[in-house]
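Data from input_29.txt: compact mmCIF, C-alpha atoms
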# COMPACT_ATOMS: atom_id res chain seq x y z
CA MET A 1 -12.39 -12.13 -2.38
CA LYS A 2 -9.05 -12.27 -4.18
CA ASP A 3 -10.45 -10.04 -6.93
CA HIS A 4 -11.60 -7.52 -4.33
CA PHE A 5 -8.18 -7.29 -2.71
CA ILE A 6 -6.42 -7.12 -6.07
CA CYS A 7 -8.73 -4.23 -6.96
CA LEU A 8 -7.84 -2.50 -3.67
CA PHE A 9 -4.12 -2.92 -4.35
CA ASN A 10 -4.62 -1.58 -7.88
CA TYR A 11 -6.31 1.46 -6.33
CA ASP A 12 -3.51 1.83 -3.80
CA HIS A 13 -0.84 1.57 -6.51
CA TYR A 14 -2.65 4.06 -8.73
CA CYS A 15 -2.99 6.64 -5.96
CA ASN A 16 0.60 6.16 -4.84
CA LYS A 17 1.75 6.81 -8.42
CA GLN A 18 -0.20 10.05 -8.51
CA MET A 19 1.30 11.30 -5.25
CA ILE A 20 4.82 10.31 -6.26
CA GLU A 21 4.42 12.17 -9.56
CA ILE A 22 3.39 15.34 -7.73
CA LEU A 23 6.28 14.95 -5.28
CA LEU A 24 8.83 14.48 -8.03
CA ASN A 25 7.48 17.18 -10.33
CA ALA A 26 7.38 19.73 -7.52
CA GLY A 27 10.74 18.65 -6.13
CA ILE A 28 9.17 18.22 -2.70
CA GLN A 29 11.18 16.29 -0.13
CA GLY A 30 10.94 16.09 3.65
CA LYS A 31 7.92 14.81 5.52
CA ALA A 32 5.80 14.08 2.42
CA ALA A 33 8.50 11.87 0.89
CA ASP A 34 9.13 10.26 4.29
CA LEU A 35 5.43 9.36 4.58
CA MET A 36 5.44 7.78 1.13
CA ALA A 37 8.52 5.76 2.13
CA HIS A 38 6.71 4.71 5.31
CA ILE A 39 3.76 3.42 3.28
CA PHE A 40 6.08 1.28 1.17
CA ASN A 41 8.17 0.06 4.10
CA ALA A 42 5.02 -0.97 5.95
CA GLN A 43 3.75 -2.82 2.87
CA GLN A 44 6.97 -4.79 2.70
CA ILE A 45 7.04 -5.43 6.46
CA TRP A 46 3.50 -6.79 6.41
CA LEU A 47 4.20 -8.92 3.34
CA ASN A 48 7.28 -10.36 5.05
CA ARG A 49 5.18 -11.16 8.11
CA CYS A 50 2.50 -12.83 6.00
CA THR A 51 5.04 -14.88 4.06
CA GLN A 52 7.23 -15.51 7.11
CA LYS A 53 10.27 -13.92 5.46
CA PRO A 54 12.94 -12.10 7.47
CA MET A 55 12.80 -8.31 7.81
CA ASN A 56 16.48 -7.86 6.83
CA ASP A 57 16.75 -4.83 9.15
CA LEU A 58 13.85 -3.07 7.40
CA LYS A 59 12.19 -0.53 9.70
CA PRO A 60 8.88 1.31 9.22
CA TRP A 61 10.46 4.76 8.96
CA ASP A 62 13.52 3.92 6.86
CA ARG A 63 14.14 6.51 4.16
CA ILE A 64 13.70 5.79 0.48
CA GLU A 65 15.26 8.23 -1.96
CA ALA A 66 12.57 10.13 -3.86
CA ASN A 67 13.82 8.82 -7.21
CA ASN A 68 13.33 5.24 -5.92
CA LEU A 69 9.72 5.69 -4.77
CA THR A 70 8.20 4.71 -8.13
CA ASP A 71 10.21 1.51 -8.40
CA THR A 72 9.43 0.61 -4.79
CA ASN A 73 5.72 1.24 -5.35
CA ASP A 74 5.75 -0.98 -8.46
CA LYS A 75 7.74 -3.74 -6.73
CA ASN A 76 5.45 -3.82 -3.69
CA PHE A 77 2.35 -3.80 -5.85
CA SER A 78 3.63 -6.71 -7.91
CA GLN A 79 4.67 -8.72 -4.86
CA TRP A 80 1.36 -8.18 -3.05
CA CYS A 81 -0.65 -9.12 -6.15
CA ASP A 82 1.45 -12.25 -6.69
CA TYR A 83 0.95 -13.19 -3.05
CA ILE A 84 -2.82 -12.62 -3.10
CA ASN A 85 -3.22 -14.42 -6.42
CA GLY A 86 -1.49 -17.45 -4.90
CA LEU A 87 -3.93 -17.68 -2.00
CA GLN A 88 -6.94 -19.91 -1.64
CA LEU A 89 -10.17 -18.43 -0.24
CA SER A 90 -9.64 -20.27 3.05
CA ASP A 91 -6.18 -18.68 3.42
CA PHE A 92 -7.76 -15.33 4.24
CA GLU A 93 -8.97 -16.81 7.54
CA ARG A 94 -5.47 -18.01 8.43
CA VAL A 95 -3.90 -16.49 11.53
CA ILE A 96 -0.55 -14.77 11.07
CA ASN A 97 1.68 -14.81 14.13
CA TYR A 98 4.30 -12.08 14.37
CA ILE A 99 6.26 -9.88 16.75
CA ASN A 100 6.02 -6.13 16.23
CA PHE A 101 8.90 -3.68 16.49
CA SER A 102 8.21 -3.14 20.19
CA GLY A 103 8.68 -6.86 20.84
CA LEU A 104 4.99 -7.59 21.38
CA SER A 105 3.50 -10.78 19.94
CA PHE A 106 0.30 -10.65 17.88
CA ASN A 107 -1.96 -13.11 16.07
CA ASP A 108 -4.12 -11.56 13.36
CA GLN A 109 -6.16 -13.02 10.54
CA LEU A 110 -4.75 -12.51 7.08
CA ILE A 111 -7.95 -10.83 5.87
CA ASP A 112 -7.51 -8.17 8.56
CA ILE A 113 -3.84 -7.64 7.76
CA VAL A 114 -4.48 -7.22 4.04
CA SER A 115 -7.29 -4.77 4.80
CA HIS A 116 -4.99 -2.89 7.16
CA VAL A 117 -2.22 -2.56 4.56
CA VAL A 118 -4.53 -0.81 2.10
CA ASN A 119 -6.14 1.37 4.78
CA HIS A 120 -2.73 2.31 6.17
CA GLY A 121 -1.70 3.60 2.74
CA THR A 122 -4.90 5.62 2.39
CA HIS A 123 -4.37 7.19 5.81
CA HIS A 124 -0.81 8.29 5.12
CA ARG A 125 -1.55 9.42 1.55
CA ALA A 126 -4.09 11.81 3.06
CA GLN A 127 -1.30 13.22 5.22
CA VAL A 128 0.93 13.51 2.13
CA GLY A 129 -1.92 15.25 0.33
CA GLN A 130 -2.25 17.84 3.09
CA LEU A 131 1.49 18.55 2.93
CA LEU A 132 1.42 18.82 -0.85
CA LYS A 133 -1.61 21.09 -0.77
CA ALA A 134 0.09 23.33 1.78
CA ALA A 135 3.06 23.53 -0.61
CA GLY A 136 0.72 24.74 -3.38
CA ALA A 137 0.20 21.49 -5.30
CA GLU A 138 -3.10 20.71 -6.95
CA LEU A 139 -4.29 17.29 -5.82
CA PRO A 140 -6.09 14.69 -7.93
CA ALA A 141 -9.19 12.89 -6.72
CA THR A 142 -8.00 9.81 -4.84
CA ASP A 143 -11.23 8.57 -3.27
CA TYR A 144 -11.83 4.87 -3.82
CA VAL A 145 -15.28 5.41 -5.31
CA HIS A 146 -13.81 7.92 -7.79
CA TYR A 147 -11.24 5.31 -8.78
CA ILE A 148 -13.96 2.68 -9.28
CA ARG A 149 -16.11 5.05 -11.34
CA THR A 150 -13.12 5.98 -13.50
CA LEU A 151 -12.21 2.31 -13.92
CA LYS A 152 -15.76 1.35 -14.90
CA THR A 153 -15.99 4.27 -17.34
CA SER A 154 -12.66 3.28 -18.87
CA ILE A 155 -13.79 -0.33 -19.29
CA THR A 156 -17.12 0.73 -20.80
CA ASN A 157 -15.40 3.10 -23.25
CA THR A 158 -13.03 0.40 -24.49
CA GLN A 159 -15.74 -2.15 -25.22

Represent the structure from my file as structure tokens, please.
Amino acid sequence: MKDHFICLFNYDHYCNKQMIEILLNAGIQGKAADLMAHIFNAQQIWLNRCTQKPMNDLKPWDRIEANNLTDTNDKNFSQWCDYINGLQLSDFERVINYINFSGLSFNDQLIDIVSHVVNHGTHHRAQVGQLLKAAGAELPATDYVHYIRTLKTSITNTQ
């Protein structure tokens, strides 16, 4: 299971890198950059919840300067992979108790939270993609199955 989630975070990181590159190369700011920042803020918020670390005033829609998106993506990826690699299989069934930003209390299993974090990124990257496309950018293939096929082809070609 750990390998599966590490693969999903690799996919997430890879796709985020592609979108950031398009954003930076095209000089696009505004909503697309705000959505990328939201993805990264949410990743950090969920990781803090899972590890019971304080939020330090981090909010889901805090801005991240465009030139800091790559570093933030890399940092979050590394932290999530370190966290997942430190888990035991039984940890994925553990219930995480937290209070959301509206003050409501929730109790969710770690496996569901980790799945949500990756799906949340995919959802908002699709929104970023629509904004980039409307601005005239050519978008790469970011489907998970395309990523897996590319990864398997790359592994086969290096053996």

Original post:
If we count all atoms listed in the file, what is near segment 86-100 of chain A at a cut-off of 9 Å, once residues fewer than 5 positions away on the same chain are taken out, given as a list in words?
Top reply: Met1, Lys2, Arg49, Cys50, Thr51, Gln52, Cys81, Ser105, Phe106, Asn107, Asp108, Gln109, Leu110, Ile111, Asp112, Ile113 and Val114 of chain A

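Proximity of A:Val145, A:Cys15, A:Leu47, A:Cys7 to Val128 of chain A, computed with all atoms listed in the file, is greatest for A:Cys15.
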
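Atom CA of Leu139 of chain A is positioned 8.7 Å from atom CA of Gln18 of chain A.
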
Subject >> Nearby residues (all atoms listed in the file) at most 7 Å from segment 20-32 of chain A, same-chain spacing under 4 positions excluded, as number ranges by chain >> reply: A: 16, 36, 69-70, 128, 131

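With distances restricted to all atoms listed in the file, A:Asn85 is the closest residue to His4 of chain A from A:Thr153, A:Ser102, A:Gln130, A:Asn85.
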
**OP:** Within 9 Å of Ile84 of chain A, counting only C-alpha atoms, which residues show up once you throw out same-chain ones fewer than 6 positions away? Write them as an MDAnalysis selection string, please.
**Re:** chainID A and resid 2:3 5:6

Subject >> Spatial neighbours of Gln127 of chain A, 12 Å, only C-alpha atoms, chain gap at least 6 places, as a PyMOL selection string >> reply: chain A and resi 19+31-36+38-39+120-121+133-134

Take the selection from the previous step and output its residues with C-alpha atoms, as a tab-separated table (two decimals), keeping the file's coordinate frame.
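Listing of selection27.tsv after writing:
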chain	number	residue	atom	x	y	z
A	19	MET	CA	1.30	11.30	-5.25
A	31	LYS	CA	7.92	14.81	5.52
A	32	ALA	CA	5.80	14.08	2.42
A	33	ALA	CA	8.50	11.87	0.89
A	34	ASP	CA	9.13	10.26	4.29
A	35	LEU	CA	5.43	9.36	4.58
A	36	MET	CA	5.44	7.78	1.13
A	38	HIS	CA	6.71	4.71	5.31
A	39	ILE	CA	3.76	3.42	3.28
A	120	HIS	CA	-2.73	2.31	6.17
A	121	GLY	CA	-1.70	3.60	2.74
A	133	LYS	CA	-1.61	21.09	-0.77
A	134	ALA	CA	0.09	23.33	1.78

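In terms of minimum interatomic distance to Tyr83 of chain A, A:Trp46 ranks closest within A:Trp46, A:His116, A:Thr122, A:Glu65, counting only C-alpha atoms.
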
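Picture a line from atom CA of His13 of chain A to atom CA of Asp74 of chain A; it runs 7.3 Å.
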
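Between Met55 of chain A and the candidates A:Phe101, A:Trp80, A:Leu151, A:Asn67, the tightest atom-to-atom separation, counting all atoms listed in the file, involves A:Phe101.
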
Need the shell around Tyr11 of chain A: protein/DNA/RNA residues with any atom at most 9 Å away, counting only C-alpha atoms. Skip same-chain ones fewer than 6 positions apart. Format as a PDB file with C-alpha atoms, keeping the file's coordinate frame?
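Written out: selection_5.pdb:
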ATOM      1  CA  VAL A 118      -4.530  -0.810   2.100  1.00  0.00           C
ATOM      2  CA  THR A 142      -8.000   9.810  -4.840  1.00  0.00           C
ATOM      3  CA  TYR A 144     -11.830   4.870  -3.820  1.00  0.00           C
ATOM      4  CA  TYR A 147     -11.240   5.310  -8.780  1.00  0.00           C
ATOM      5  CA  ILE A 148     -13.960   2.680  -9.280  1.00  0.00           C
TER       6      ILE A 148
END

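Between atom CA of Phe77 of chain A and atom CA of Asp12 of chain A the separation is 8.4 Å.
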
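With all atoms listed in the file as the atoms that count, the minimum distance from Ala42 of chain A to the choices A:Asp143, A:Asp62, A:Asp71, A:Asp82 is reached by A:Asp62.
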
Exercise on segment 51-68 of chain A, axis-aligned box with 8 Å per side, report centre and edge lengths in Å to one decimal, as lines of an AutoDock Vina configuration file:
center_x = 10.9
center_y = -2.7
center_z = 1.2
size_x = 27.7
size_y = 41.6
size_z = 32.9
